[in-house]
Each structure stands twice: as structure tokens, then as C-alpha cells.
$ cat my_file_32.cif   # mmCIF, C-alpha atoms
data_input
loop_
_atom_site.group_PDB
_atom_site.id
_atom_site.type_symbol
_atom_site.label_atom_id
_atom_site.label_comp_id
_atom_site.auth_asym_id
_atom_site.auth_seq_id
_atom_site.Cartn_x
_atom_site.Cartn_y
_atom_site.Cartn_z
ATOM 1 C CA MET P 22 2.413 14.118 43.823
ATOM 2 C CA LEU P 23 0.360 11.559 41.831
ATOM 3 C CA TYR P 24 1.341 10.465 38.307
ATOM 4 C CA TYR P 25 -0.601 8.741 35.533
ATOM 5 C CA TYR P 26 1.016 7.003 32.559
ATOM 6 C CA ALA P 27 -0.213 5.634 29.251
ATOM 7 C CA HIS P 28 0.759 2.414 27.413
ATOM 8 C CA GLY P 29 -0.926 2.540 23.995
ATOM 9 C CA ASP P 30 -4.638 3.230 24.595
ATOM 10 C CA GLU P 31 -4.578 2.189 28.284
ATOM 11 C CA HIS P 32 -4.053 4.673 31.084
ATOM 12 C CA ALA P 33 -2.798 3.628 34.518
ATOM 13 C CA GLY P 34 -2.592 5.481 37.771
ATOM 14 C CA PRO P 35 -2.531 7.273 40.039
ATOM 15 C CA PHE P 36 0.917 6.306 41.350
ATOM 16 C CA GLN P 37 3.378 7.897 43.718
ATOM 17 C CA LYS P 38 6.805 8.573 42.208
ATOM 18 C CA PRO P 39 8.495 5.588 43.967
ATOM 19 C CA GLU P 40 5.807 3.246 42.573
ATOM 20 C CA LEU P 41 6.657 4.269 39.006
ATOM 21 C CA ALA P 42 10.170 2.806 39.272
ATOM 22 C CA GLY P 43 8.954 -0.795 38.966
ATOM 23 C CA ARG P 44 6.553 -0.112 36.093
ATOM 24 C CA GLY P 45 9.174 0.016 33.313
ATOM 25 C CA LEU P 46 8.561 3.581 32.196
ATOM 26 C CA GLY P 47 10.833 4.708 29.378
ATOM 27 C CA PRO P 48 11.724 8.229 28.269
ATOM 28 C CA GLU P 49 9.000 8.068 25.573
ATOM 29 C CA THR P 50 6.205 6.861 27.898
ATOM 30 C CA LEU P 51 3.475 9.487 28.144
ATOM 31 C CA VAL P 52 2.812 10.736 31.683
ATOM 32 C CA TRP P 53 0.520 13.292 33.292
ATOM 33 C CA ARG P 54 0.366 14.903 36.688
ATOM 34 C CA GLU P 55 -1.529 17.791 38.131
ATOM 35 C CA GLY P 56 -0.042 21.025 36.873
ATOM 36 C CA LEU P 57 0.769 19.754 33.359
ATOM 37 C CA ALA P 58 -1.225 21.078 30.422
ATOM 38 C CA GLY P 59 -1.365 17.623 28.779
ATOM 39 C CA TRP P 60 0.354 14.272 28.414
ATOM 40 C CA GLN P 61 4.116 14.561 27.996
ATOM 41 C CA PRO P 62 6.968 12.081 27.444
ATOM 42 C CA ALA P 63 8.443 11.039 30.781
ATOM 43 C CA GLY P 64 11.912 11.967 29.565
ATOM 44 C CA THR P 65 10.928 15.632 29.444
ATOM 45 C CA LEU P 66 10.133 15.734 33.169
ATOM 46 C CA PRO P 67 13.377 16.143 35.150
ATOM 47 C CA GLU P 68 11.801 14.841 38.386
ATOM 48 C CA LEU P 69 11.235 11.399 36.779
ATOM 49 C CA SER P 70 14.792 10.831 35.531
ATOM 50 C CA ASP P 71 15.637 8.509 38.441
ATOM 51 C CA VAL P 72 12.620 6.187 37.884
ATOM 52 C CA LEU P 73 12.930 5.746 34.110
ATOM 53 C CA ALA P 74 14.088 2.463 32.640
ATOM 54 C CA GLY P 75 16.714 2.612 29.921
ATOM 55 C CA PRO P 76 19.150 5.358 29.061
ATOM 56 C CA ALA P 77 18.951 8.786 30.579
ATOM 57 C CA PRO P 78 16.994 11.286 28.528
ATOM 58 C CA TYR P 79 18.987 13.534 26.268
ATOM 59 C CA ALA P 80 19.407 17.088 27.435
ATOM 60 C CA PRO P 81 20.249 19.677 24.799
ATOM 61 C CA PRO P 82 23.741 21.176 25.023
ATOM 62 C CA THR P 83 24.277 24.387 26.900
ATOM 63 C CA ALA P 84 25.494 27.577 25.278
ATOM 64 C CA ALA P 85 29.096 26.419 25.747
ATOM 65 C CA GLY P 86 28.333 23.324 23.675
ATOM 66 C CA LEU P 87 28.670 20.960 26.628
ATOM 67 C CA PRO P 88 25.819 18.978 28.175
ATOM 68 C CA PRO P 89 24.556 20.071 31.581
ATOM 69 C CA ALA P 90 26.367 18.683 34.605
ATOM 70 C CA GLY P 91 25.391 15.125 35.496
ATOM 71 C CA VAL P 92 23.877 14.323 32.084
ATOM 72 C CA ALA P 93 25.734 12.037 29.709
ATOM 73 C CA ALA P 94 25.555 13.279 26.146
ATOM 74 C CA PRO P 95 24.778 10.655 23.514
ATOM 75 C CA LEU P 96 27.662 9.480 21.396
ATOM 76 C CA LEU P 97 27.470 10.930 17.925
ATOM 77 C CA THR P 98 28.782 8.659 15.231
ATOM 78 C CA TYR P 99 29.793 9.773 11.795
ATOM 79 C CA GLY P 100 28.150 7.687 9.104
ATOM 80 C CA GLY P 101 30.248 9.243 6.399
ATOM 81 C CA TYR P 102 31.400 7.869 3.106
ATOM 82 C CA ALA P 103 32.426 4.255 3.016
ATOM 83 C CA PRO P 104 35.286 3.488 0.658
ATOM 84 C CA PRO P 105 34.366 1.301 -2.297
ATOM 85 C CA THR P 106 34.842 -2.390 -1.711
ATOM 86 C CA GLY P 107 35.072 -3.656 -5.291
ATOM 87 C CA PRO P 108 37.320 -2.629 -8.145
ATOM 88 C CA LEU P 109 36.970 0.938 -9.332
ATOM 89 C CA PRO P 110 35.478 1.603 -12.758
ATOM 90 C CA GLN P 111 38.191 1.726 -15.350
ATOM 91 C CA GLY P 112 38.680 4.532 -17.809
ATOM 92 C CA LEU P 113 37.626 2.485 -20.825
ATOM 93 C CA ALA P 114 34.219 1.765 -19.277
ATOM 94 C CA VAL P 115 33.641 5.421 -18.497
ATOM 95 C CA THR P 116 34.828 6.422 -21.976
ATOM 96 C CA SER P 117 32.470 3.907 -23.557
ATOM 97 C CA LEU P 118 29.527 5.320 -21.624
ATOM 98 C CA VAL P 119 30.361 8.939 -22.441
ATOM 99 C CA LEU P 120 30.927 8.232 -26.141
ATOM 100 C CA GLY P 121 27.827 6.049 -26.366
ATOM 101 C CA ALA P 122 25.636 8.668 -24.728
ATOM 102 C CA ALA P 123 27.081 11.409 -26.944
ATOM 103 C CA SER P 124 26.770 9.392 -30.156
ATOM 104 C CA ILE P 125 22.961 9.467 -30.322
ATOM 105 C CA PRO P 126 22.450 13.255 -30.373
ATOM 106 C CA MET P 127 25.545 13.633 -32.593
ATOM 107 C CA LEU P 128 23.827 11.649 -35.371
ATOM 108 C CA TRP P 129 21.976 14.821 -36.323
ATOM 109 C CA PHE P 130 25.248 16.612 -37.065
ATOM 110 C CA TYR P 131 26.247 15.106 -40.413
ATOM 111 C CA CYS P 132 26.366 11.592 -38.920
ATOM 112 C CA VAL P 133 29.293 12.457 -36.638
ATOM 113 C CA GLY P 134 27.637 10.111 -34.149
ATOM 114 C CA LEU P 135 28.402 7.066 -36.329
ATOM 115 C CA PRO P 136 32.177 6.948 -35.673
ATOM 116 C CA VAL P 137 31.598 8.020 -32.072
ATOM 117 C CA GLY P 138 29.157 5.127 -31.649
ATOM 118 C CA VAL P 139 31.669 2.703 -33.185
ATOM 119 C CA LEU P 140 34.322 3.921 -30.716
ATOM 120 C CA ALA P 141 31.850 3.453 -27.849
ATOM 121 C CA ILE P 142 31.268 -0.144 -28.952
ATOM 122 C CA VAL P 143 34.982 -0.888 -29.236
ATOM 123 C CA PHE P 144 35.818 0.631 -25.837
ATOM 124 C CA GLY P 145 32.806 -1.107 -24.272
ATOM 125 C CA HIS P 146 33.845 -4.550 -25.483
ATOM 126 C CA VAL P 147 37.453 -4.039 -24.371
ATOM 127 C CA ALA P 148 36.317 -2.799 -20.950
ATOM 128 C CA ARG P 149 33.967 -5.768 -20.460
ATOM 129 C CA ALA P 150 36.764 -8.168 -21.416
ATOM 130 C CA GLN P 151 38.990 -6.578 -18.776
ATOM 131 C CA VAL P 152 36.203 -6.858 -16.192
ATOM 132 C CA ARG P 153 35.864 -10.576 -16.984
ATOM 133 C CA ARG P 154 39.619 -10.963 -16.401
ATOM 134 C CA ASN P 155 39.209 -9.156 -13.027
ATOM 135 C CA THR P 156 41.586 -6.357 -13.967
ATOM 136 C CA GLY P 157 39.089 -3.574 -13.373
ATOM 137 C CA GLY P 158 35.514 -2.643 -12.666
ATOM 138 C CA GLY P 159 32.743 -0.813 -14.442
ATOM 139 C CA ALA P 160 30.861 -3.626 -16.164
ATOM 140 C CA GLY P 161 27.605 -1.678 -15.912
ATOM 141 C CA LEU P 162 29.131 1.463 -17.377
ATOM 142 C CA ALA P 163 30.617 -0.487 -20.260
ATOM 143 C CA LEU P 164 27.287 -2.225 -20.911
ATOM 144 C CA ALA P 165 25.474 1.119 -20.991
ATOM 145 C CA GLY P 166 28.067 2.435 -23.454
ATOM 146 C CA LEU P 167 27.576 -0.648 -25.632
ATOM 147 C CA ILE P 168 23.801 -0.234 -25.609
ATOM 148 C CA CYS P 169 24.049 3.433 -26.594
ATOM 149 C CA GLY P 170 26.664 2.675 -29.278
ATOM 150 C CA TYR P 171 24.560 -0.087 -30.828
ATOM 151 C CA ALA P 172 21.482 2.156 -30.635
ATOM 152 C CA SER P 173 23.449 4.792 -32.540
ATOM 153 C CA LEU P 174 24.340 2.247 -35.231
ATOM 154 C CA ALA P 175 20.723 1.064 -35.437
ATOM 155 C CA LEU P 176 19.445 4.622 -35.813
ATOM 156 C CA THR P 177 22.020 5.289 -38.527
ATOM 157 C CA ALA P 178 20.983 2.118 -40.396
ATOM 158 C CA ALA P 179 17.314 3.064 -40.067
ATOM 159 C CA GLY P 180 18.034 6.559 -41.388
ATOM 160 C CA VAL P 181 19.996 5.228 -44.369
ATOM 161 C CA ALA P 182 17.219 2.731 -45.149
ATOM 162 C CA PHE P 183 14.619 5.491 -44.933
ATOM 163 C CA ILE P 184 16.577 7.709 -47.302
ATOM 164 C CA PHE P 185 17.160 4.806 -49.717
ATOM 165 C CA VAL P 186 13.433 3.924 -49.777
ATOM 166 C CA ALA P 187 12.421 7.563 -50.124
ATOM 167 C CA PHE P 188 14.701 8.198 -53.093
ATOM 168 C CA SER P 189 13.939 4.918 -54.799
ATOM 169 C CA SER P 190 10.230 5.683 -54.849
ATOM 170 C CA PHE P 191 10.774 8.737 -57.048
ATOM 171 C CA LYS P 192 10.605 7.967 -60.759
ATOM 172 C CA MET P 193 12.776 9.905 -63.038
ATOM 173 C CA ASP P 194 11.255 10.309 -66.520
#

$ encode --input "my_file_32.cif" --output "C-alpha cells"
Amino acid sequence: MLYYYAHGDEHAGPFQKPELAGRGLGPETLVWREGLAGWQPAGTLPELSDVLAGPAPYAPPTAAGLPPAGVAAPLLTYGGYAPPTGPLPQGLAVTSLVLGAASIPMLWFYCVGLPVGVLAIVFGHVARAQVRRNTGGGAGLALAGLICGYASLALTAAGVAFIFVAFSSFKMD
């Protein structure tokens, strides 16, 4: 039987099966022979398994879940979850972030966000000090809590200034 193979845009052949062994065909190399509907990867043709360079082509498992006889199944590795390498975020950093994020929408409820924002700032500064002393992690969380807490204070100051300017522009006669 005569085989043809393709490397990129170049086609080579015809070759007898023993001649293909020295040509460096891999399982992904496209081949064609009489009787095939079109070009197919060499790894899908069982008769070429002994002339392919590289690992044996993968055969799907049988109904029992085992590979067919004589075919080595590929090793499956579990990527999985890698444990954290640095220090874990500390509770103060997480608390600062949660309070800071909650303080901004809470400003609309009778300025409840003001004390919550102050607490976020306090917890954020304490958490960042502990990170600098290498007693915990979560510097990014603490920084985000600080930013939200200071934004809450800035919005409160802007609101108070707006109300002060609005009421001072009215003239009482």
C-alpha cells in the first residue's frame, strides 16, 4: 500500500510503509492512502503505529475504563489547588475592606457610613502596620479598605459643604 504525507504545504510520496519509518512522522502528521476519504493524522491509523516517531497515539478507554491491550494510557496529572505560599490575609485586613466597601452606600442612611468608614480606616492602618512587621498578610485588602474609608469621609465632607453652602445662600428677612 502506498502512503503520502504532508509537512505544512508540501506533500511527499508515494512511500511504502517501511520507508515512512525514517521520515520522522509524528501522530499529528497528515497522511493519505488509497481508501481514505481525505487526509488524516497518522496517529488515527492503527497500521502506522509502528512507524511513528514519538509517543504512541492515545487510544480512548474501553467500556471498562481501561485502555485497549498493548496501548499505554497517558498519565493524567491533577493540577489542583496549590496551597498559598505567602502569609494568609489577616482578619483586620478583611474587616477593613468589608467596612470600607459598606461605608459608601451606608452614607445615604443618615450618615451611618461615617463611623463605618472611620472604623475601616482604623482597621486598615492597623492591618498594614502588621503586614509591615511580617505578622500577617493582606496588604492589598487593607489598602482597598483604606481607600474606601477615605472615600467615604471625602463624600461626607463634600455633602456637609454642599449643605452648608446651600443653606448659607438663603437670606432670611

$ atom_distance --input "my_file_32.cif" --atom1 "atom CA of P:Ile142" --atom2 "atom CA of P:Ala165"
9.9 Å

$ residues_around --input "my_file_32.cif" --residues "P:Leu128" --least-positions-apart "5" --cutoff "12 Å" --atoms "all atoms listed in the file" --output "list in words"
Gly121, Ala122, Ala123, Val133, Gly134, Leu135, Pro136, Val137, Gly138, Gly170, Ala172, Ser173, Leu174, Ala175, Leu176, Thr177, Ala178, Ala179, Gly180 and Val181 of chain P

$ atom_distance --input "my_file_32.cif" --atom1 "atom CA of P:Gly145" --atom2 "atom CA of P:Cys169"
10.1 Å

$ atom_distance --input "my_file_32.cif" --atom1 "atom CA of P:Leu109" --atom2 "atom CA of P:Gly158"
5.1 Å

$ residues_around --input "my_file_32.cif" --residues "P:Gln61" --least-positions-apart "4" --cutoff "8 Å" --atoms "all atoms listed in the file" --output "MDAnalysis selection string"
chainID P and resid 50:53 65

$ closest_residue --input "my_file_32.cif" --among "P:Gly29, P:Val139, P:Arg153, P:Ser70" --to "P:Ser124" --atoms "all atoms listed in the file"
P:Val139

$ axis_aligned_box --input "my_file_32.cif" --around "stretch 56-68 of chain P" --padding-each-side "8 Å" --output "AutoDock Vina command-line options"
--center_x 6.0 --center_y 16.1 --center_z 32.9 --size_x 30.7 --size_y 26.0 --size_z 26.9

$ resolve_selection --input "my_file_32.cif" --expression "the PyMOL selection byres ((chain P and resi 23) around 7)" --output "number ranges by chain"
P: 22, 24-25, 35-37, 54

$ closest_residue --input "my_file_32.cif" --among "P:Leu140, P:Pro67, P:Gly59, P:Val72" --to "P:Glu40" --atoms "only C-alpha atoms"
P:Val72

$ residues_near_point --input "my_file_32.cif" --point "(35.0, 4.1, -19.4)" --cutoff "9 Å" --atoms "all atoms listed in the file" --output "PyMOL selection string"
chain P and resi 110-120+144-145+148+159+162-163+166

$ closest_residue --input "my_file_32.cif" --among "P:Ala141, P:Glu55, P:Gly47, P:Ala63" --to "P:Ile168" --atoms "only C-alpha atoms"
P:Ala141

$ closest_residue --input "my_file_32.cif" --among "P:Leu73, P:Arg154, P:Gly64, P:Ala182" --to "P:Leu41" --atoms "all atoms listed in the file"
P:Leu73

$ decode --input "my_file_32.cif" --residues "stretch 29-42 of chain P" --atoms "N, CA and C atoms" --output "PDB file, in the first residue's frame"
ATOM      1  N   GLY P  29       3.379  20.820   6.471  1.00  0.00           N
ATOM      2  CA  GLY P  29       2.990  22.185   6.104  1.00  0.00           C
ATOM      3  C   GLY P  29       2.233  22.176   4.781  1.00  0.00           C
ATOM      4  N   ASP P  30       2.745  22.918   3.785  1.00  0.00           N
ATOM      5  CA  ASP P  30       2.081  22.968   2.474  1.00  0.00           C
ATOM      6  C   ASP P  30       2.681  21.972   1.484  1.00  0.00           C
ATOM      7  N   GLU P  31       3.726  21.237   1.874  1.00  0.00           N
ATOM      8  CA  GLU P  31       4.395  20.307   0.969  1.00  0.00           C
ATOM      9  C   GLU P  31       3.870  18.892   1.173  1.00  0.00           C
ATOM     10  N   HIS P  32       3.622  18.222   0.079  1.00  0.00           N
ATOM     11  CA  HIS P  32       3.197  16.824   0.120  1.00  0.00           C
ATOM     12  C   HIS P  32       4.342  15.964  -0.391  1.00  0.00           C
ATOM     13  N   ALA P  33       4.525  14.801   0.221  1.00  0.00           N
ATOM     14  CA  ALA P  33       5.579  13.878  -0.199  1.00  0.00           C
ATOM     15  C   ALA P  33       4.988  12.499  -0.378  1.00  0.00           C
ATOM     16  N   GLY P  34       5.541  11.753  -1.288  1.00  0.00           N
ATOM     17  CA  GLY P  34       5.087  10.398  -1.505  1.00  0.00           C
ATOM     18  C   GLY P  34       5.054  10.085  -2.983  1.00  0.00           C
ATOM     19  N   PRO P  35       4.743   8.929  -3.337  1.00  0.00           N
ATOM     20  CA  PRO P  35       4.271   7.813  -2.512  1.00  0.00           C
ATOM     21  C   PRO P  35       5.423   7.055  -1.860  1.00  0.00           C
ATOM     22  N   PHE P  36       5.127   6.457  -0.674  1.00  0.00           N
ATOM     23  CA  PHE P  36       6.098   5.673   0.062  1.00  0.00           C
ATOM     24  C   PHE P  36       5.440   4.379   0.521  1.00  0.00           C
ATOM     25  N   GLN P  37       6.260   3.330   0.564  1.00  0.00           N
ATOM     26  CA  GLN P  37       5.823   2.087   1.179  1.00  0.00           C
ATOM     27  C   GLN P  37       5.857   2.293   2.696  1.00  0.00           C
ATOM     28  N   LYS P  38       5.153   1.497   3.430  1.00  0.00           N
ATOM     29  CA  LYS P  38       5.104   1.643   4.890  1.00  0.00           C
ATOM     30  C   LYS P  38       6.495   1.576   5.525  1.00  0.00           C
ATOM     31  N   PRO P  39       7.386   0.656   5.144  1.00  0.00           N
ATOM     32  CA  PRO P  39       8.720   0.645   5.773  1.00  0.00           C
ATOM     33  C   PRO P  39       9.516   1.923   5.501  1.00  0.00           C
ATOM     34  N   GLU P  40       9.289   2.586   4.380  1.00  0.00           N
ATOM     35  CA  GLU P  40      10.013   3.814   4.060  1.00  0.00           C
ATOM     36  C   GLU P  40       9.576   4.987   4.952  1.00  0.00           C
ATOM     37  N   LEU P  41       8.386   4.917   5.486  1.00  0.00           N
ATOM     38  CA  LEU P  41       7.881   6.003   6.331  1.00  0.00           C
ATOM     39  C   LEU P  41       8.592   6.066   7.676  1.00  0.00           C
ATOM     40  N   ALA P  42       9.176   4.938   8.116  1.00  0.00           N
ATOM     41  CA  ALA P  42       9.792   4.888   9.439  1.00  0.00           C
ATOM     42  C   ALA P  42      10.936   5.887   9.579  1.00  0.00           C
TER      43      ALA P  42
END
